[in-house]
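Asker: Before we start, here is the structure in question, set down as structure tokens.
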Amino acid sequence: MRHVDTLRFATLRDEWMTNLDNRPSVDTGALALRLKREITGDVWFDAFNRGRYATDASFYQIMPAGVVVPRSMDEALRTLAIARDDGRSVTPRGGGTSQCGQTVNDGIVVDFSKHLNRLLSLDAANATCVVEPGIVLDDLNRQLKPHGLWFPVDISTASRATIGGMAGNNSCGGRSLRYGTMRDNTLSIDAALADGQLLHFGQVLGNVSRDEAASGDHGAKLFRDMLALGEREANEINDRFPKVQRRVGGYNLDALTPRNAPNNMAHLLVGSEGTLAFTTKVELKLWPVIRNKVLGVCHFGDFYQAMDATQHLVKLKPIAVELVDRTMIALGRDIAMFEPVISAAVRGDPDAILVVEFAEEDQNENLRRLKQLGELMADLGFGWDQPKAKWGGVIEIADPALQAGIADFRAAGLNVMMSMKQDGKPVSFVEDCAVPLPHLADYTERLNRIFAKHGTSGTMYAHAAEGCLHVRPVLNLKLEKDVRAMRAIAEETFAMVREYKGSHSGEHGDGIVRSEFHEAMFGAEIVAAFKEVKRRFDPDGVLNPGKIVDPPKMDDRTLFRYAPGYRAAELKTRLDWSAYSGASGGFQGAIEMCNNNGACRKLEGGVMCPSYRVTRDEEHVTRGRANTLRLAISGQLGPDALTADETIDALKLCVSCKACRHECPTGVDMAKMKIEVLAARAEKHGLSLRDRLISYLPRYAALASRFSSVANWRNNSAVLRKLFERLCGISARRTLPEWRRDVFDPEFETVGPADGSEVVLFADTFNRNFERENLDAALHVLVKGGYRVHLPKPVGAGRPLCCGRTFLSVGLVDQAHAELDRLVATFAPFAARGVPIVGLEPSCLLTLRDELLSLRSDDDARRISAHALLFEEFLVREAESGRLQLPLQPIAKEALVHGHCHQKSFGAFDAVTQVLRLIPDLAVETVQSSCCGMAGAFGYGSDTYDVSMQMAEASLLPAVRQADADTLVVADGTSCRHQIKDGAGREVLHVARVLAMSLDRGV
Ligand SMILES: Cc1cc2nc3c(=O)[nH]c(=O)nc-3n(C[C@H](O)[C@H](O)[C@H](O)COP(=O)(O)OP(=O)(O)OC[C@H]3O[C@@H](n4cnc5c(N)ncnc54)[C@H](O)[C@@H]3O)c2cc1C
Ligand code: SF4
Ligand code: SF4
């Protein structure tokens, strides 16, 4: 077998350059064949899939030789054996959210997250469970909740981080003061060594294993050797391991030292970053869920004073003390949804706040501690009437809603910080150093001086109680000078941390960023012991080499995502990307906004990313798509990769829901990028028949409605359905919307009282042709409300107005432009007079708020965009201002509402429920749904029908089926209504019709 060692890294630069023209650097053909023969899960050796696994949330990029997504643990172990036989290294992977480069390597990457993610057993009485390593933390906690239990290592990436990855990195949550780190909550681990041998890592007694070791039991021998190493190095470990709770660097040799209790061998594996063994099962310690808590928001007029006070505040035994600094508070104040939270929780203009959380079972005890907190602050000399340095005090927060608001605010503040659009970005490399609390104030002050010396700065936030602050200086790692600054900052910071006897890695681990500094932090003897451990477990360096021991240099630019030579092609773009930097008018910068943090891999809550929730494939998540585009525009996937089939495949299941634009922490707007890529593809390869049929619908709609009975033949004939499927890829299992002759085509251009407030009603193609009842109802409601409604005929006559969405959906940007030009010419005079432009179909109306401005930046377009409102948004605005008087009457007891993705993405969904609540006695419930799965034409495709239905079945259709027959099912999207009707057989109403019914009931 070939020895796999760090020399490999020396060849990586060459490999990277080779990747640029997509030639495999080493022959992997035989290995690929064997894996494909023996593994039923996915086995990928193509450049696109390898590229999607070449990055994690660090700034590194290493192309793996191949990727395997095993279906069973047996297959995972088989992959290990096959790769080992072939002389390849193997890197296990969970969510790939590591910040230090732990999860990237050049061998075979094994993805545990897709199939190996079960809760295997739960012992609720003893509060323990056993899980497979690929289970996501939030998913586990959802399953534990009914038992009153949770796994409390509540890391920020809980929505996508896996237990295997958390154990790999010894992750720590915000409440580690009470619950400790991953190591403290891991009872045992079952794992395979590099040679395939399966061992149980749990408690062992220091003196028992001697006989077993002699008996030839490999596990006992290994444990015995490890304990001997611990005994031998006990003094050095005691001297050199920092005495802070947040120490996750290096191997946990301190777990091996002699003690009056059993040693837990699993604790050596925790934090070993996939370098010692392949975890197959983890036994976890569980805790009762938190039922009661209170927050004390401590204010400080001076940042240094806040840091200095922390050591005193922790004496009251809170479960968390989280720092939010001046910059984050300012960012939060600028976000409309958080402004009220900050107004309620933050007084005056503090330099920093410390959010102190008490969470004892007894709420009276929490309130007592909150009172003590106020007294302590006073004892420390802080008061609202004190001058700046000692200005401060406590705002008490017992209201759970406000507590949740503060938690959300902290997360959003970080998101805004990470969403800088310039090339310089906050970079993680000293972002989790931990120092003892008495030094925290001096540490932060000196850290700011180091940043300033190197021409940068960084915002500080997070875990003050543990002395572990997240701080990321802003640097542009495409520039050599900034890379040099990064190295200098790292060296100076780590030297300072060492001086304070702190830890250079207090949360995120070692990876490539920090491993080379182990010798400086722990000393040569400890590093030699780390190597001994690695050799004993994995003598041939098969498992994730180059991490923790024998690392490359952290500033080796050949290992960077933006390596020397990285360059993006100049492309002809159609949309406006000028908010971003880089090639193609900023298209490059927009793509590079993805920092791989993996938030798009969440499985519940919000909408992003509906396709991933069904397939669980990296290819079908926003991150995978953004990485594909980045590699394509920078030539790393071969020539013309942007328009290649593989790129189109990666975008195929993107339903253009726009959720990522809103929910991705850095605002990656994949729906907009998809338009750009499809435009390039259409120009190069033309359009399919299906795309033509879909996109040109607004142009042939008039003809089709005139001959509606012929146009509807296809729906009523099984033969025609099959033929359609074969000819143009529209699923035979779908009904198409029914054409009708009585389309919405009013004679009049204005209706309603002459002195009424003016409003334009935009009749979109879908409601006009297929569901005119919605437009009739909207008109009825508006006129009844006393509005003067304009239905302007297109300037220059011709076909009805259209927003161009169907053209955008297939990349026909010029045609969409032409449609929008007609619409702008028609609506501009109204917008200039300040008349609201109201529409019913979310995707059409919101095109005016979104894509219109990517195509036109003139005053007319801007004014129309600013005045475009969804029907319900308009009514809510009018109701709030007291102008809306509708004699609404009770119609039903309950309404169940599904929100269109674009409504949610634009924060417009609440208006639907608000307007429905104007109806007397109507209880309004929303379905916690992601995308309905129909998404324009997506659900009609024969190749996407199944995924479409799976998206709908995730939560929407079951919720609708459960609703009783009298419940009104409400959805504003044409596609959503169609999907619900197809999938659950229920009639669904646009909100305009519900309001009209309620008005008519009063007649
Ligand atoms: C925005 C952001 C916020 C974060 N916040 C926190 C935080 O609050 N606290 C914190 O501790 N971390 C945090 N992290 C870091 C990261 O999310 C955590 O370390 C997380 O636990 C990694 O989980 P994962 O599933 O993504 O693991 P991966 O990144 O996939 O893997 C992590 C390590 O575990 C190894 N591994 C994975 N599976 C196995 C297996 N089956 N057997 C053996 N080894 C395995 C991998 O090889 C790798 O070395 C954050 C990261 C980001 C991007
Ligand atoms: S697309 Fe957004 S959410 Fe997904 S990994 Fe990239 S930055 Fe994170
Ligand atoms: S637009 Fe929707 S489907 Fe497409 S990547 Fe973004 S979240 Fe996923």
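Starting from 1 in every chain, residues are counted up; chains themselves are A, B, ... following the order of the structure tokens, and ligands are numbered from 1 as listed.
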To check your reading of the model: which residues sit at most 7 Å from ligand 3 when counting only C-alpha atoms and all ligand atoms? Write the answer as a short mmCIF file (atom, residue, chain, number, x, y, z; two decimals) with N, CA, C and O atoms, in the first residue's frame.

Answerer:
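part.cif, written as the output of this step:
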data_model
loop_
_atom_site.label_atom_id
_atom_site.label_comp_id
_atom_site.auth_asym_id
_atom_site.auth_seq_id
_atom_site.Cartn_x
_atom_site.Cartn_y
_atom_site.Cartn_z
N VAL A 607 -37.82 28.54 4.15
CA VAL A 607 -38.09 27.90 2.85
C VAL A 607 -36.82 27.27 2.26
O VAL A 607 -36.86 26.20 1.67
N MET A 608 -35.69 27.97 2.42
CA MET A 608 -34.43 27.53 1.79
C MET A 608 -33.97 26.19 2.32
O MET A 608 -33.98 26.01 3.54
N CYS A 609 -33.51 25.28 1.54
CA CYS A 609 -33.62 25.19 0.12
C CYS A 609 -34.49 23.98 -0.19
O CYS A 609 -34.13 22.85 0.15
N PRO A 610 -35.67 24.21 -0.78
CA PRO A 610 -36.65 23.13 -0.92
C PRO A 610 -36.15 21.91 -1.66
O PRO A 610 -36.52 20.78 -1.32
N SER A 611 -35.31 22.10 -2.66
CA SER A 611 -34.87 20.92 -3.42
C SER A 611 -33.94 20.06 -2.56
O SER A 611 -34.03 18.83 -2.56
N VAL A 621 -28.32 21.95 -3.36
CA VAL A 621 -28.47 22.93 -2.30
C VAL A 621 -27.82 24.22 -2.81
O VAL A 621 -26.95 24.18 -3.70
N THR A 622 -28.24 25.35 -2.26
CA THR A 622 -27.71 26.63 -2.76
C THR A 622 -26.18 26.62 -2.76
O THR A 622 -25.54 27.09 -3.70
N LEU A 653 -33.11 21.56 -10.33
CA LEU A 653 -34.08 21.44 -9.24
C LEU A 653 -34.21 22.73 -8.43
O LEU A 653 -34.94 22.76 -7.43
N CYS A 654 -33.49 23.76 -8.82
CA CYS A 654 -33.68 25.07 -8.17
C CYS A 654 -35.02 25.61 -8.66
O CYS A 654 -35.20 25.83 -9.85
N VAL A 655 -35.95 25.79 -7.72
CA VAL A 655 -37.30 26.19 -8.12
C VAL A 655 -37.45 27.71 -8.17
O VAL A 655 -38.56 28.24 -8.24
N SER A 656 -36.32 28.40 -8.12
CA SER A 656 -36.32 29.88 -8.17
C SER A 656 -37.26 30.48 -7.14
O SER A 656 -37.97 31.44 -7.41
N CYS A 657 -37.25 29.88 -5.95
CA CYS A 657 -38.16 30.35 -4.90
C CYS A 657 -37.68 31.65 -4.26
O CYS A 657 -38.42 32.30 -3.55
N LYS A 658 -36.43 32.02 -4.51
CA LYS A 658 -35.81 33.23 -3.98
C LYS A 658 -35.62 33.19 -2.47
O LYS A 658 -35.36 34.21 -1.85
N ALA A 659 -35.79 32.01 -1.87
CA ALA A 659 -35.64 31.94 -0.41
C ALA A 659 -34.20 32.23 -0.01
O ALA A 659 -33.94 32.85 1.02
N CYS A 660 -33.24 31.78 -0.83
CA CYS A 660 -31.84 31.98 -0.45
C CYS A 660 -31.51 33.47 -0.39
O CYS A 660 -30.76 33.90 0.48
N ARG A 661 -32.08 34.22 -1.28
CA ARG A 661 -31.83 35.66 -1.30
C ARG A 661 -32.15 36.28 0.06
O ARG A 661 -31.49 37.18 0.53
N ASP A 669 -28.17 35.01 -4.12
CA ASP A 669 -29.43 35.08 -4.86
C ASP A 669 -29.38 34.12 -6.05
O ASP A 669 -29.15 34.52 -7.19
N MET A 670 -29.62 32.84 -5.76
CA MET A 670 -29.45 31.83 -6.79
C MET A 670 -30.50 31.96 -7.89
O MET A 670 -30.23 31.67 -9.06
N ALA A 671 -31.71 32.40 -7.54
CA ALA A 671 -32.74 32.51 -8.57
C ALA A 671 -32.30 33.51 -9.64
O ALA A 671 -32.49 33.28 -10.84
#

Asker: Please give me, as a ChimeraX atom specification, the residues lying within 7 Å of ligand 1 when counting only C-alpha atoms and all ligand atoms.

Answerer: /A:56-57,91-99,102-103,112,133-134,154-157,160-174,273-274,277-280,507-508,544,596-598

Asker: For Asn252 in chain A, list every protein, DNA or RNA residue within 7 Å, evaluated using only C-alpha atoms, and leave out those in the same chain fewer than 3 positions away; present the list as a count of residues only.

Answerer: 3

Asker: Looking at A:Ser188, A:Thr647, A:Thr666, A:Ser72, which one is nearest to ligand 2, with distances taken over only C-alpha atoms and all ligand atoms?

Answerer: A:Thr666

Asker: May I have the residues within 7 Å of Thr806 in chain A as a VMD selection string, using only C-alpha atoms and disregarding those fewer than 2 positions away in the same chain?

Answerer: chain A and resid 694 to 695 804 808 to 809

Asker: The selected residues should be written to file as a compact mmCIF listing (two decimals), in the first residue's frame (atoms: N, CA and C atoms).

Answerer:
# COMPACT_ATOMS: atom_id res chain seq x y z
N ILE A 694 -43.62 27.11 -22.46
CA ILE A 694 -43.82 27.80 -21.18
C ILE A 694 -43.58 29.31 -21.34
N SER A 695 -42.45 29.64 -21.95
CA SER A 695 -42.05 31.05 -21.93
C SER A 695 -42.96 31.91 -22.81
N GLY A 804 -43.15 39.47 -17.76
CA GLY A 804 -41.99 38.83 -18.38
C GLY A 804 -41.46 37.62 -17.62
N LEU A 808 -38.22 35.05 -18.22
CA LEU A 808 -37.07 35.00 -17.30
C LEU A 808 -36.81 33.57 -16.84
N SER A 809 -37.89 32.80 -16.67
CA SER A 809 -37.71 31.46 -16.11
C SER A 809 -36.94 30.52 -17.03

Asker: What are the DSSP helix (DSSP H, G or I) residues of range 65-111 of chain A, as a ChimeraX atom specification?

Answerer: /A:73-85

Asker: Considering only C-alpha atoms, return as a CSV table (one decimal) with C-alpha atoms, in the first residue's frame whatever protein or nucleic-acid residues lie within 8 Å of range 536-538 of chain A, sequence-local ones (same chain, fewer than 3 positions apart) excluded.

Answerer:
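Full text of part_28.csv as output:
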chain,number,residue,atom,x,y,z
A,193,LEU,CA,-9.7,2.3,12.7
A,194,ALA,CA,-7.9,2.9,9.4
A,195,ASP,CA,-7.4,-0.8,9.0
A,222,LEU,CA,-4.3,0.2,21.8
A,275,THR,CA,-7.7,11.7,11.6
A,276,LEU,CA,-7.9,8.7,14.0
A,277,ALA,CA,-11.0,6.7,13.2
A,532,GLU,CA,2.7,9.1,18.3
A,533,VAL,CA,-1.1,8.9,18.8
A,541,GLY,CA,-1.8,8.2,7.3
A,542,VAL,CA,-5.0,7.1,5.6
A,543,LEU,CA,-7.4,9.1,7.7

Asker: Quick one: distance from CA of Thr765 in chain A to CA of Thr847 in chain A in Å, one decimal?

Answerer: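 It comes out at 13.2 Å.
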
Asker: Env of range 345-355 of chain A: 10 Å cut, atoms = only C-alpha atoms, seq-sep filter 6 positions within chain, self excluded. Answer as a ChimeraX atom specification.

Answerer: /A:295-307,309-310,313,320-330,339,384,388-389,391-397,402-403,405-407,460-465

Asker: Counting only C-alpha atoms and all ligand atoms, which of A:Val970, A:Ile591, A:Ala125, A:Leu886 gets nearest to ligand 2?

Answerer: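 Checking each candidate against ligand 2, we get A:Ile591 as the closest.
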
Asker: What lies within 10 Å of range 771-775 of chain A using only C-alpha atoms, ignoring chain neighbours under 4 positions off, as a count of residues only?

Answerer: 30

Asker: Measuring between only C-alpha atoms, which one of A:Arg822, A:His312, A:Leu575, A:Leu845 shows the shortest distance to Ser857 in chain A?

Answerer: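 With only C-alpha atoms as the atom set, the closest residue is A:Leu575.
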
Asker: If you measure from CA of Arg50 in chain A to CA of Ala679 in chain A, what distance in Å do you get, rounded to one decimal?

Answerer: 25.8 Å

Asker: To one decimal in Å, tell me the separation between CA of Phe906 in chain A and CA of Glu872 in chain A.

Answerer: 13.3 Å

Asker: Please determine, counting only C-alpha atoms, which residue among A:Leu736, A:Ala754, A:Glu431, A:Cys803 has the shortest atom-to-atom distance to Gln815 in chain A.

Answerer: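 Of A:Leu736, A:Ala754, A:Glu431, A:Cys803, the one nearest Gln815 in chain A is A:Cys803, counting only C-alpha atoms.
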
Asker: Of the residues A:Ser865, A:Gln363, A:Ser428, A:Asn627, which is the one nearest to ligand 2, using only C-alpha atoms and all ligand atoms?

Answerer: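 Ranking A:Ser865, A:Gln363, A:Ser428, A:Asn627 by distance to ligand 2, first place goes to A:Asn627.
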
Asker: Determine the nearest neighbour of Thr181 in chain A from the options A:Leu922, A:Val69, A:Gly506, A:Lys425, counting only C-alpha atoms.

Answerer: A:Gly506

Asker: Please run DSSP on the backbone and report, as a ChimeraX atom specification, all residues within range 267-373 of chain A that come out as strand (DSSP E or B).

Answerer: /A:278-285,287-288,294-300,320-325,352-358

Asker: Can I get the selected residues back with N, CA and C atoms, as an mmCIF file, in the first residue's frame?

Answerer:
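Written output follows (result33.cif):
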data_model
loop_
_atom_site.group_PDB
_atom_site.id
_atom_site.type_symbol
_atom_site.label_atom_id
_atom_site.label_comp_id
_atom_site.auth_asym_id
_atom_site.auth_seq_id
_atom_site.Cartn_x
_atom_site.Cartn_y
_atom_site.Cartn_z
ATOM 1 N N PHE A 278 -12.989 6.328 12.003
ATOM 2 C CA PHE A 278 -14.241 6.571 11.302
ATOM 3 C C PHE A 278 -15.366 6.323 12.297
ATOM 4 N N THR A 279 -16.033 7.342 12.753
ATOM 5 C CA THR A 279 -17.088 7.141 13.751
ATOM 6 C C THR A 279 -18.296 6.448 13.112
ATOM 7 N N THR A 280 -18.784 5.391 13.761
ATOM 8 C CA THR A 280 -19.961 4.704 13.218
ATOM 9 C C THR A 280 -21.199 4.896 14.093
ATOM 10 N N LYS A 281 -20.966 5.127 15.402
ATOM 11 C CA LYS A 281 -22.083 5.367 16.331
ATOM 12 C C LYS A 281 -21.575 6.264 17.448
ATOM 13 N N VAL A 282 -22.460 7.114 17.962
ATOM 14 C CA VAL A 282 -22.071 7.945 19.101
ATOM 15 C C VAL A 282 -23.138 7.812 20.177
ATOM 16 N N GLU A 283 -22.678 7.544 21.402
ATOM 17 C CA GLU A 283 -23.612 7.503 22.541
ATOM 18 C C GLU A 283 -23.517 8.847 23.264
ATOM 19 N N LEU A 284 -24.679 9.483 23.427
ATOM 20 C CA LEU A 284 -24.689 10.854 23.945
ATOM 21 C C LEU A 284 -25.399 10.945 25.286
ATOM 22 N N LYS A 285 -24.948 11.906 26.067
ATOM 23 C CA LYS A 285 -25.623 12.204 27.332
ATOM 24 C C LYS A 285 -26.652 13.306 27.052
ATOM 25 N N TRP A 287 -29.979 15.964 28.303
ATOM 26 C CA TRP A 287 -30.345 16.826 29.429
ATOM 27 C C TRP A 287 -31.828 17.184 29.330
ATOM 28 N N PRO A 288 -32.410 17.539 30.487
ATOM 29 C CA PRO A 288 -33.805 18.015 30.419
ATOM 30 C C PRO A 288 -33.874 19.317 29.635
ATOM 31 N N VAL A 294 -34.545 33.666 32.181
ATOM 32 C CA VAL A 294 -34.645 35.137 32.151
ATOM 33 C C VAL A 294 -33.321 35.659 31.607
ATOM 34 N N LEU A 295 -33.382 36.853 31.054
ATOM 35 C CA LEU A 295 -32.161 37.488 30.549
ATOM 36 C C LEU A 295 -31.935 38.803 31.286
ATOM 37 N N GLY A 296 -30.674 39.083 31.561
ATOM 38 C CA GLY A 296 -30.303 40.409 32.046
ATOM 39 C C GLY A 296 -29.375 41.022 31.012
ATOM 40 N N VAL A 297 -29.792 42.146 30.441
ATOM 41 C CA VAL A 297 -28.936 42.773 29.424
ATOM 42 C C VAL A 297 -28.102 43.852 30.119
ATOM 43 N N CYS A 298 -26.828 43.523 30.360
ATOM 44 C CA CYS A 298 -25.940 44.445 31.077
ATOM 45 C C CYS A 298 -25.347 45.437 30.095
ATOM 46 N N HIS A 299 -25.467 46.710 30.420
ATOM 47 C CA HIS A 299 -24.982 47.780 29.537
ATOM 48 C C HIS A 299 -23.653 48.327 30.035
ATOM 49 N N PHE A 300 -22.808 48.683 29.075
ATOM 50 C CA PHE A 300 -21.511 49.263 29.430
ATOM 51 C C PHE A 300 -21.202 50.423 28.490
ATOM 52 N N ALA A 320 -25.159 31.385 30.247
ATOM 53 C CA ALA A 320 -24.452 32.007 29.121
ATOM 54 C C ALA A 320 -24.261 33.492 29.399
ATOM 55 N N VAL A 321 -23.143 34.025 28.926
ATOM 56 C CA VAL A 321 -22.933 35.475 28.909
ATOM 57 C C VAL A 321 -22.413 35.789 27.518
ATOM 58 N N GLU A 322 -23.250 36.417 26.714
ATOM 59 C CA GLU A 322 -22.905 36.644 25.312
ATOM 60 C C GLU A 322 -22.673 38.130 25.044
ATOM 61 N N LEU A 323 -21.590 38.408 24.369
ATOM 62 C CA LEU A 323 -21.229 39.798 24.066
ATOM 63 C C LEU A 323 -21.843 40.253 22.740
ATOM 64 N N VAL A 324 -22.366 41.468 22.738
ATOM 65 C CA VAL A 324 -22.761 42.127 21.484
ATOM 66 C C VAL A 324 -22.118 43.511 21.528
ATOM 67 N N ASP A 325 -21.315 43.839 20.533
ATOM 68 C CA ASP A 325 -20.614 45.116 20.623
ATOM 69 C C ASP A 325 -21.353 46.229 19.869
ATOM 70 N N ALA A 352 -20.942 48.335 24.543
ATOM 71 C CA ALA A 352 -21.128 46.872 24.472
ATOM 72 C C ALA A 352 -22.242 46.479 25.429
ATOM 73 N N ILE A 353 -22.908 45.366 25.108
ATOM 74 C CA ILE A 353 -23.829 44.773 26.081
ATOM 75 C C ILE A 353 -23.416 43.318 26.313
ATOM 76 N N LEU A 354 -23.668 42.846 27.524
ATOM 77 C CA LEU A 354 -23.479 41.424 27.826
ATOM 78 C C LEU A 354 -24.854 40.855 28.145
ATOM 79 N N VAL A 355 -25.270 39.872 27.361
ATOM 80 C CA VAL A 355 -26.590 39.262 27.584
ATOM 81 C C VAL A 355 -26.380 38.068 28.513
ATOM 82 N N VAL A 356 -26.854 38.216 29.756
ATOM 83 C CA VAL A 356 -26.628 37.191 30.789
ATOM 84 C C VAL A 356 -27.900 36.362 30.908
ATOM 85 N N GLU A 357 -27.751 35.031 30.770
ATOM 86 C CA GLU A 357 -28.936 34.153 30.759
ATOM 87 C C GLU A 357 -28.936 33.250 31.985
ATOM 88 N N PHE A 358 -30.043 33.284 32.735
ATOM 89 C CA PHE A 358 -30.232 32.356 33.853
ATOM 90 C C PHE A 358 -31.335 31.386 33.460
#
